[in-house]
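A short worksheet on the structure shown next.
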Amino acid sequence: MTAVAKRQDMVVHQRDPLNAESPPEVLGAAMQTPLDAFYMRNHGPVPKLDASTWRLRVGGDVDCELELSLDKLQERFPPRELTATLQCAGNRRAGLIAVRDIPGEVPWRGGATGTASWRGVALRDVLAVAGLGSEAKYVAFLGADVSEEADPPQPFGASIPRHKAMAGEVLLAWQMNGRPLTPLHGAPLRVVVPGYIGARSVKWVTEITARAEPSENYFQASAYRLLTPELDPDLAPPGSGVALGAIAVNADILSPADGSTVAAGPIEIIGYAFAGGDRHIVRVDVSDDGGARWRQAELIDPPAPWAWRRWRVTFTLPQGRHQIVARAWDSAAATQPERAEHVWNPKGYANNAWPRVNVDAV
Ligand code: MTE
């Protein structure tokens, strides 16, 4: 386990637990987000795990329980590698807070996301050896960190439906961007669930359990759920609303910055777009007049189901104030809702409204 120091210009929202997002210019610079700038989302203290004594237990509704050391996991199953975007369900929450306050939640801008190459083994291969029982409709994960944010305090956990667990792309990963996973990102082993909200990619995983029902863990049953606008999240019983899974089509503008002053004339607008599930981005439109007229942006990165596509377009701005807006389309022809007001929800998840940036050209 090696530590990678994070850049000084990370946007730190909270130190304990550590919650920090990437600076926008780093996200725009390369398809793969460098490790020293990759966002960090924690609900408790980072656990100190010794890779030599750490074990992964696989149990629940399986034919044969497994207990695997990291060496055993690496010896027994073929390695797999894929590039996947991780995106927190709270990414772009600041846009929802601007509509109506969301107390107690991290005010993420558009940097609670990043793209990395992940190396590990396929969860499907491990579950095939354990033998999933016929009643196992869900596969749950448990991490080694204990979160005081949960009620009652408990380790971080999540679950995914059986079809996703067996789809092949879900990894148990020990490498990120060709380097050993760092403690902050889940060493010695983390789950990577491509196309699903980041909360399902459990770090420091110690237990995998096949179950008939979704996990009862606080972070599956109470948090990371889309509640209706009138619900008070403190009073809503566990199981209210919709558990978030696959990520809806989304995009953000990385440059220019909102509120900035730019030179009149040609200006390059850069951003990212991402669609979860097994969809990918097929088109991004950009407008410099608040959405009255649109032009298609150039997609920089190749189409891939689990990864974002950065995009760019150049507009020639005359002097004055301009509102730059973007909207992405995915391979299911879904596009983004126009306004944050339309998607506001009490915990501030899944803001995929058109990103808007106001600039003054002088
Ligand atoms: N796993 C554990 N054990 N504890 C956590 O707090 N946070 C989740 C997920 N896995 C979390 C976790 C959330 S909400 C996100 S968005 C991603 O990890 C963030 O992963 P990263 O910190 O490696 O970027």
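We name chains A, B, ... following the order of the structure tokens; residues begin at 1 in each chain, and ligands are numbered from 1 as shown.
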What's around Asp360 (chain A) at 10 Å? Count only C-alpha atoms, leave out sequence neighbours fewer than 4 positions away in its own chain, and write the answer as a list of chain:residue names.
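My list of contacting residues is A:Asp258, A:Gly259, A:Ser260, A:Thr261, A:Val262, A:Ala263, A:Ala264, A:Leu317, A:Pro318, A:Gln319, A:Gly320, A:Arg321, A:His322, A:Gln323.
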If the limit is 9 Å from any atom of ligand 1, counting only C-alpha atoms and all ligand atoms, which residues qualify? Return them as number ranges by chain.
A: 17-21, 38-47, 86-91, 112-114, 141-147, 155-158, 182, 184-186, 190-192, 197-205, 219, 224
Could you give me the residues within region 40-128 of chain A that DSSP places in alpha helix (DSSP H), as a PyMOL selection string?
chain A and resi 70-76+93-97+123-128
Residues within 6 Å of region 167-174 of chain A, only C-alpha atoms, excluding chain neighbours under 5 positions, as a list of chain:residue names:
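Listed by chain and then number, they are A:Arg119, A:Gly120, A:Val121, A:Ala122, A:Leu123, A:Arg124, A:Leu181, A:Leu189, A:Arg190, A:Val191, A:Val192, A:Val193.
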How close does each residue of region 102-143 of chain A get to region 346-357 of chain A, giving the shortest atom pair and distance in Å to one decimal for every residue with an atom at most 12 Å away, counting only C-alpha atoms, sorted by chain and residue number, as a Markdown table?
| residue | atom | partner | partner_atom | distance |
| --- | --- | --- | --- | --- |
| A:Ile102 | CA | A:Pro346 | CA | 6.4 |
| A:Pro103 | CA | A:Lys347 | CA | 8.4 |
| A:Gly104 | CA | A:Lys347 | CA | 8.8 |
| A:Glu105 | CA | A:Lys347 | CA | 7.1 |
| A:Val106 | CA | A:Gly348 | CA | 9.2 |
| A:Pro107 | CA | A:Gly348 | CA | 8.9 |
| A:Trp108 | CA | A:Gly348 | CA | 9.8 |
| A:Arg109 | CA | A:Asn351 | CA | 10.3 |
| A:Gly110 | CA | A:Pro355 | CA | 9.3 |
| A:Ala112 | CA | A:Ala350 | CA | 11.7 |
Got time to write the residues from that selection, C-alpha atoms, as an mmCIF file, in the first residue's frame?
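Below you can see out.cif, which holds the result:
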data_model
loop_
_atom_site.group_PDB
_atom_site.id
_atom_site.type_symbol
_atom_site.label_atom_id
_atom_site.label_comp_id
_atom_site.auth_asym_id
_atom_site.auth_seq_id
_atom_site.Cartn_x
_atom_site.Cartn_y
_atom_site.Cartn_z
ATOM 1 C CA ILE A 102 -29.941 20.986 1.986
ATOM 2 C CA PRO A 103 -28.580 21.022 5.549
ATOM 3 C CA GLY A 104 -25.915 18.544 6.638
ATOM 4 C CA GLU A 105 -24.841 17.384 3.169
ATOM 5 C CA VAL A 106 -21.538 18.117 1.410
ATOM 6 C CA PRO A 107 -21.980 20.977 -1.133
ATOM 7 C CA TRP A 108 -20.162 19.217 -3.976
ATOM 8 C CA ARG A 109 -19.652 21.114 -7.193
ATOM 9 C CA GLY A 110 -18.929 19.068 -10.337
ATOM 10 C CA ALA A 112 -17.008 14.536 -7.065
#
Hey, what's within 12 Å of Arg57 (chain A) if we count only C-alpha atoms and toss same-chain stuff fewer than 6 positions away? As a list in words, please?
Cys64, Glu65, Leu66, Glu67, Leu68, Ser69, Leu70, Leu73, Val126, Leu127, Ala130, Ala140, Phe141, Leu142, Gly143, Val205, Thr206, Glu207, Ile208, Thr209 and Ala210 of chain A
Suppose we keep all heavy atoms; can you now write the selection as a short mmCIF file (atom, residue, chain, number, x, y, z; two decimals), in the first residue's frame?
data_model
loop_
_atom_site.label_atom_id
_atom_site.label_comp_id
_atom_site.auth_asym_id
_atom_site.auth_seq_id
_atom_site.Cartn_x
_atom_site.Cartn_y
_atom_site.Cartn_z
N CYS A 64 -21.10 -22.52 -1.22
CA CYS A 64 -19.85 -22.78 -0.49
C CYS A 64 -19.25 -21.45 -0.06
O CYS A 64 -18.98 -20.58 -0.90
CB CYS A 64 -18.97 -23.56 -1.47
SG CYS A 64 -17.25 -23.24 -1.43
N GLU A 65 -19.12 -21.25 1.25
CA GLU A 65 -18.56 -19.99 1.76
C GLU A 65 -17.07 -19.92 1.44
O GLU A 65 -16.39 -20.95 1.40
CB GLU A 65 -18.77 -19.89 3.26
CG GLU A 65 -20.23 -19.71 3.60
CD GLU A 65 -20.48 -19.50 5.07
OE1 GLU A 65 -19.51 -19.64 5.86
OE2 GLU A 65 -21.63 -19.21 5.42
N LEU A 66 -16.57 -18.73 1.21
CA LEU A 66 -15.14 -18.56 0.90
C LEU A 66 -14.51 -17.61 1.89
O LEU A 66 -15.16 -16.67 2.37
CB LEU A 66 -14.95 -17.97 -0.50
CG LEU A 66 -15.61 -18.66 -1.69
CD1 LEU A 66 -15.41 -17.83 -2.95
CD2 LEU A 66 -15.01 -20.06 -1.87
N GLU A 67 -13.25 -17.84 2.19
CA GLU A 67 -12.46 -16.85 2.93
C GLU A 67 -11.15 -16.71 2.16
O GLU A 67 -10.42 -17.67 2.00
CB GLU A 67 -12.22 -17.26 4.37
CG GLU A 67 -11.57 -16.12 5.13
CD GLU A 67 -11.42 -16.39 6.62
OE1 GLU A 67 -12.44 -16.55 7.31
OE2 GLU A 67 -10.26 -16.42 7.07
N LEU A 68 -10.89 -15.51 1.64
CA LEU A 68 -9.78 -15.33 0.72
C LEU A 68 -8.82 -14.26 1.22
O LEU A 68 -9.25 -13.16 1.60
CB LEU A 68 -10.33 -14.89 -0.65
CG LEU A 68 -11.25 -15.88 -1.36
CD1 LEU A 68 -12.13 -15.16 -2.37
CD2 LEU A 68 -10.42 -16.96 -2.04
N SER A 69 -7.54 -14.58 1.18
CA SER A 69 -6.53 -13.55 1.40
C SER A 69 -6.33 -12.83 0.06
O SER A 69 -6.80 -13.31 -0.99
CB SER A 69 -5.21 -14.18 1.84
OG SER A 69 -4.71 -14.98 0.78
N LEU A 70 -5.62 -11.72 0.06
CA LEU A 70 -5.37 -11.01 -1.19
C LEU A 70 -4.57 -11.89 -2.16
O LEU A 70 -4.87 -11.96 -3.35
CB LEU A 70 -4.65 -9.69 -0.91
CG LEU A 70 -4.59 -8.71 -2.08
CD1 LEU A 70 -5.98 -8.33 -2.57
CD2 LEU A 70 -3.83 -7.45 -1.67
N LEU A 73 -6.84 -14.52 -3.69
CA LEU A 73 -7.73 -13.91 -4.69
C LEU A 73 -6.99 -13.70 -6.00
O LEU A 73 -7.50 -13.99 -7.09
CB LEU A 73 -8.22 -12.57 -4.13
CG LEU A 73 -9.37 -11.89 -4.84
CD1 LEU A 73 -10.70 -12.52 -4.42
CD2 LEU A 73 -9.40 -10.40 -4.51
N VAL A 126 -15.76 -14.73 -8.78
CA VAL A 126 -15.73 -15.16 -7.37
C VAL A 126 -17.07 -15.78 -7.00
O VAL A 126 -17.13 -16.85 -6.37
CB VAL A 126 -15.38 -13.96 -6.46
CG1 VAL A 126 -15.45 -14.35 -4.99
CG2 VAL A 126 -14.00 -13.39 -6.82
N LEU A 127 -18.16 -15.13 -7.44
CA LEU A 127 -19.50 -15.65 -7.10
C LEU A 127 -19.76 -17.00 -7.79
O LEU A 127 -20.48 -17.84 -7.26
CB LEU A 127 -20.58 -14.63 -7.48
CG LEU A 127 -20.56 -13.33 -6.66
CD1 LEU A 127 -21.64 -12.37 -7.18
CD2 LEU A 127 -20.77 -13.60 -5.17
N ALA A 130 -18.28 -19.52 -5.51
CA ALA A 130 -19.09 -19.67 -4.29
C ALA A 130 -20.43 -20.34 -4.61
O ALA A 130 -20.98 -21.06 -3.77
CB ALA A 130 -19.31 -18.30 -3.64
N ALA A 140 -24.55 -8.08 -1.34
CA ALA A 140 -24.24 -6.95 -0.46
C ALA A 140 -22.74 -6.92 -0.14
O ALA A 140 -22.07 -7.97 -0.12
CB ALA A 140 -25.04 -7.09 0.84
N PHE A 141 -22.24 -5.72 0.10
CA PHE A 141 -20.82 -5.50 0.43
C PHE A 141 -20.74 -4.78 1.76
O PHE A 141 -21.56 -3.90 2.04
CB PHE A 141 -20.15 -4.62 -0.63
CG PHE A 141 -20.43 -5.04 -2.05
CD1 PHE A 141 -21.15 -4.20 -2.91
CD2 PHE A 141 -20.00 -6.26 -2.53
CE1 PHE A 141 -21.42 -4.58 -4.22
CE2 PHE A 141 -20.26 -6.65 -3.84
CZ PHE A 141 -20.97 -5.81 -4.68
N LEU A 142 -19.71 -5.10 2.53
CA LEU A 142 -19.50 -4.39 3.80
C LEU A 142 -18.04 -3.95 3.87
O LEU A 142 -17.13 -4.73 3.58
CB LEU A 142 -19.83 -5.32 4.97
CG LEU A 142 -20.14 -4.61 6.29
CD1 LEU A 142 -21.41 -3.77 6.17
CD2 LEU A 142 -20.31 -5.64 7.41
N GLY A 143 -17.83 -2.69 4.26
CA GLY A 143 -16.49 -2.15 4.40
C GLY A 143 -15.99 -2.26 5.83
O GLY A 143 -16.75 -2.63 6.73
N VAL A 205 -13.38 -3.43 1.43
CA VAL A 205 -14.42 -4.46 1.53
C VAL A 205 -13.89 -5.67 2.29
O VAL A 205 -12.76 -6.12 2.07
CB VAL A 205 -14.97 -4.82 0.13
CG1 VAL A 205 -13.89 -5.40 -0.78
CG2 VAL A 205 -16.15 -5.78 0.23
N THR A 206 -14.70 -6.18 3.22
CA THR A 206 -14.31 -7.37 3.99
C THR A 206 -15.34 -8.49 3.85
O THR A 206 -15.03 -9.64 4.12
CB THR A 206 -14.16 -7.06 5.49
OG1 THR A 206 -15.38 -6.49 5.95
CG2 THR A 206 -13.00 -6.12 5.76
N GLU A 207 -16.58 -8.11 3.48
CA GLU A 207 -17.64 -9.15 3.41
C GLU A 207 -18.49 -8.97 2.17
O GLU A 207 -18.90 -7.84 1.87
CB GLU A 207 -18.58 -9.03 4.62
CG GLU A 207 -18.06 -9.74 5.83
CD GLU A 207 -18.97 -9.53 7.03
OE1 GLU A 207 -20.21 -9.53 6.86
OE2 GLU A 207 -18.41 -9.35 8.12
N ILE A 208 -18.77 -10.08 1.52
CA ILE A 208 -19.71 -10.10 0.39
C ILE A 208 -20.77 -11.13 0.75
O ILE A 208 -20.44 -12.27 1.08
CB ILE A 208 -18.98 -10.49 -0.91
CG1 ILE A 208 -17.91 -9.44 -1.24
CG2 ILE A 208 -19.98 -10.65 -2.07
CD1 ILE A 208 -17.11 -9.72 -2.49
N THR A 209 -22.04 -10.70 0.74
CA THR A 209 -23.11 -11.59 1.19
C THR A 209 -24.22 -11.67 0.15
O THR A 209 -24.75 -10.63 -0.27
CB THR A 209 -23.73 -11.05 2.52
OG1 THR A 209 -22.66 -10.69 3.39
CG2 THR A 209 -24.59 -12.08 3.19
N ALA A 210 -24.57 -12.86 -0.25
CA ALA A 210 -25.69 -13.07 -1.18
C ALA A 210 -26.97 -13.11 -0.37
O ALA A 210 -27.06 -13.80 0.65
CB ALA A 210 -25.48 -14.37 -1.93
#
Nearest to Lys48 (chain A) by atom-to-atom distance, counting only C-alpha atoms, from A:Glu230, A:Pro188, A:Val362, A:Pro153
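Between A:Glu230, A:Pro188, A:Val362, A:Pro153, the residue approaching Lys48 (chain A) most closely is A:Pro188.
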If we count only C-alpha atoms and set the cut-off at 12 Å, which residues sit around region 292-299 of chain A, ignoring sequence neighbours fewer than 4 positions away in its own chain? Please answer as number ranges by chain.
A: 31, 253, 268-274, 280-288, 303-304, 308-315, 322-329, 338
Could you save the residues just selected, with N, CA and C atoms, as a short mmCIF file (atom, residue, chain, number, x, y, z; two decimals), in the first residue's frame?
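Output contents, as saved in result-v3.cif:
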data_model
loop_
_atom_site.label_atom_id
_atom_site.label_comp_id
_atom_site.auth_asym_id
_atom_site.auth_seq_id
_atom_site.Cartn_x
_atom_site.Cartn_y
_atom_site.Cartn_z
N MET A 31 -8.37 12.10 -20.01
CA MET A 31 -9.51 11.20 -19.78
C MET A 31 -9.38 10.53 -18.41
N ILE A 253 -19.79 21.70 -17.06
CA ILE A 253 -18.87 22.59 -17.78
C ILE A 253 -17.67 22.82 -16.86
N GLU A 268 -12.75 28.66 -25.81
CA GLU A 268 -12.99 27.22 -25.81
C GLU A 268 -13.74 26.83 -24.54
N ILE A 269 -14.82 26.09 -24.73
CA ILE A 269 -15.61 25.61 -23.59
C ILE A 269 -15.36 24.11 -23.48
N ILE A 270 -15.03 23.68 -22.26
CA ILE A 270 -14.65 22.27 -22.05
C ILE A 270 -15.50 21.68 -20.94
N GLY A 271 -15.86 20.41 -21.07
CA GLY A 271 -16.61 19.76 -20.01
C GLY A 271 -16.52 18.25 -20.09
N TYR A 272 -17.28 17.60 -19.23
CA TYR A 272 -17.39 16.14 -19.30
C TYR A 272 -18.87 15.77 -19.38
N ALA A 273 -19.14 14.58 -19.89
CA ALA A 273 -20.50 14.02 -19.89
C ALA A 273 -20.39 12.55 -19.57
N PHE A 274 -21.38 12.04 -18.84
CA PHE A 274 -21.33 10.65 -18.41
C PHE A 274 -22.75 10.09 -18.32
N HIS A 280 -23.87 4.97 -22.95
CA HIS A 280 -22.73 5.86 -23.10
C HIS A 280 -23.17 7.16 -23.76
N ILE A 281 -22.31 8.13 -23.74
CA ILE A 281 -22.64 9.46 -24.28
C ILE A 281 -22.52 9.44 -25.80
N VAL A 282 -23.55 9.95 -26.48
CA VAL A 282 -23.50 9.99 -27.95
C VAL A 282 -23.43 11.41 -28.48
N ARG A 283 -23.80 12.41 -27.68
CA ARG A 283 -23.86 13.77 -28.21
C ARG A 283 -23.89 14.77 -27.05
N VAL A 284 -23.24 15.90 -27.27
CA VAL A 284 -23.33 17.00 -26.29
C VAL A 284 -23.61 18.27 -27.06
N ASP A 285 -24.64 19.02 -26.64
CA ASP A 285 -24.97 20.31 -27.26
C ASP A 285 -24.58 21.41 -26.29
N VAL A 286 -24.12 22.52 -26.85
CA VAL A 286 -23.74 23.66 -26.00
C VAL A 286 -24.39 24.92 -26.58
N SER A 287 -24.82 25.79 -25.69
CA SER A 287 -25.44 27.05 -26.10
C SER A 287 -24.71 28.19 -25.40
N ASP A 288 -24.62 29.35 -26.07
CA ASP A 288 -24.02 30.51 -25.39
C ASP A 288 -25.08 31.56 -25.07
N PRO A 303 -16.25 6.51 -27.40
CA PRO A 303 -17.43 6.00 -26.69
C PRO A 303 -17.09 4.73 -25.93
N ALA A 304 -17.50 4.64 -24.69
CA ALA A 304 -17.25 3.44 -23.88
C ALA A 304 -18.34 3.39 -22.83
N TRP A 308 -16.70 8.33 -18.89
CA TRP A 308 -17.18 9.62 -19.39
C TRP A 308 -16.54 9.95 -20.73
N ARG A 309 -17.08 10.98 -21.38
CA ARG A 309 -16.46 11.54 -22.58
C ARG A 309 -16.31 13.04 -22.32
N ARG A 310 -15.07 13.48 -22.38
CA ARG A 310 -14.87 14.93 -22.29
C ARG A 310 -15.26 15.53 -23.64
N TRP A 311 -15.63 16.79 -23.64
CA TRP A 311 -16.07 17.45 -24.87
C TRP A 311 -15.54 18.88 -24.91
N ARG A 312 -15.52 19.44 -26.13
CA ARG A 312 -15.09 20.85 -26.26
C ARG A 312 -15.76 21.48 -27.47
N VAL A 313 -15.90 22.79 -27.40
CA VAL A 313 -16.48 23.55 -28.51
C VAL A 313 -15.98 24.99 -28.35
N THR A 314 -15.79 25.67 -29.49
CA THR A 314 -15.34 27.06 -29.40
C THR A 314 -16.47 27.99 -29.86
N PHE A 315 -16.77 28.96 -29.04
CA PHE A 315 -17.75 30.00 -29.38
C PHE A 315 -17.01 31.33 -29.51
N HIS A 322 -22.92 36.47 -20.98
CA HIS A 322 -23.42 35.29 -21.72
C HIS A 322 -23.68 34.16 -20.74
N GLN A 323 -24.74 33.40 -21.00
CA GLN A 323 -24.95 32.19 -20.21
C GLN A 323 -24.67 30.97 -21.08
N ILE A 324 -23.63 30.24 -20.68
CA ILE A 324 -23.25 29.03 -21.42
C ILE A 324 -23.96 27.84 -20.75
N VAL A 325 -24.59 27.02 -21.57
CA VAL A 325 -25.37 25.89 -21.07
C VAL A 325 -24.97 24.65 -21.87
N ALA A 326 -25.01 23.50 -21.22
CA ALA A 326 -24.70 22.25 -21.94
C ALA A 326 -25.76 21.21 -21.63
N ARG A 327 -25.96 20.31 -22.58
CA ARG A 327 -26.84 19.14 -22.32
C ARG A 327 -26.28 17.96 -23.11
N ALA A 328 -26.21 16.82 -22.40
CA ALA A 328 -25.68 15.60 -23.04
C ALA A 328 -26.84 14.67 -23.37
N TRP A 329 -26.61 13.81 -24.33
CA TRP A 329 -27.56 12.77 -24.73
C TRP A 329 -26.86 11.43 -24.61
N GLU A 338 -33.91 20.47 -17.74
CA GLU A 338 -33.44 21.83 -17.95
C GLU A 338 -33.01 22.53 -16.66
#
Between CA of Arg76 (chain A) and CA of Thr53 (chain A), what is the distance, to one decimal in Å?
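So the two atoms, CA of Arg76 (chain A) and CA of Thr53 (chain A), lie 17.8 Å apart.
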From a DSSP calculation on the backbone, collect every residue of region 86-273 of chain A in strand (DSSP E) and output the set as a VMD selection string.
chain A and resid 86 to 87 113 to 122 138 to 147 154 to 161 171 to 176 179 to 180 190 to 192 205 to 211 225 to 226 242 to 243 250 to 255 260 to 262 265 to 273
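Of the listed residues (A:Ala340, A:Ala165, A:Ile97, A:Ile160), A:Ala165 comes nearest to Asp125 (chain A); the distances count only C-alpha atoms.
Counting only C-alpha atoms and comparing A:Val359, A:Ala246, A:Ala307, A:Val26, the residue that lies closest to Ala84 (chain A) is A:Ala307.
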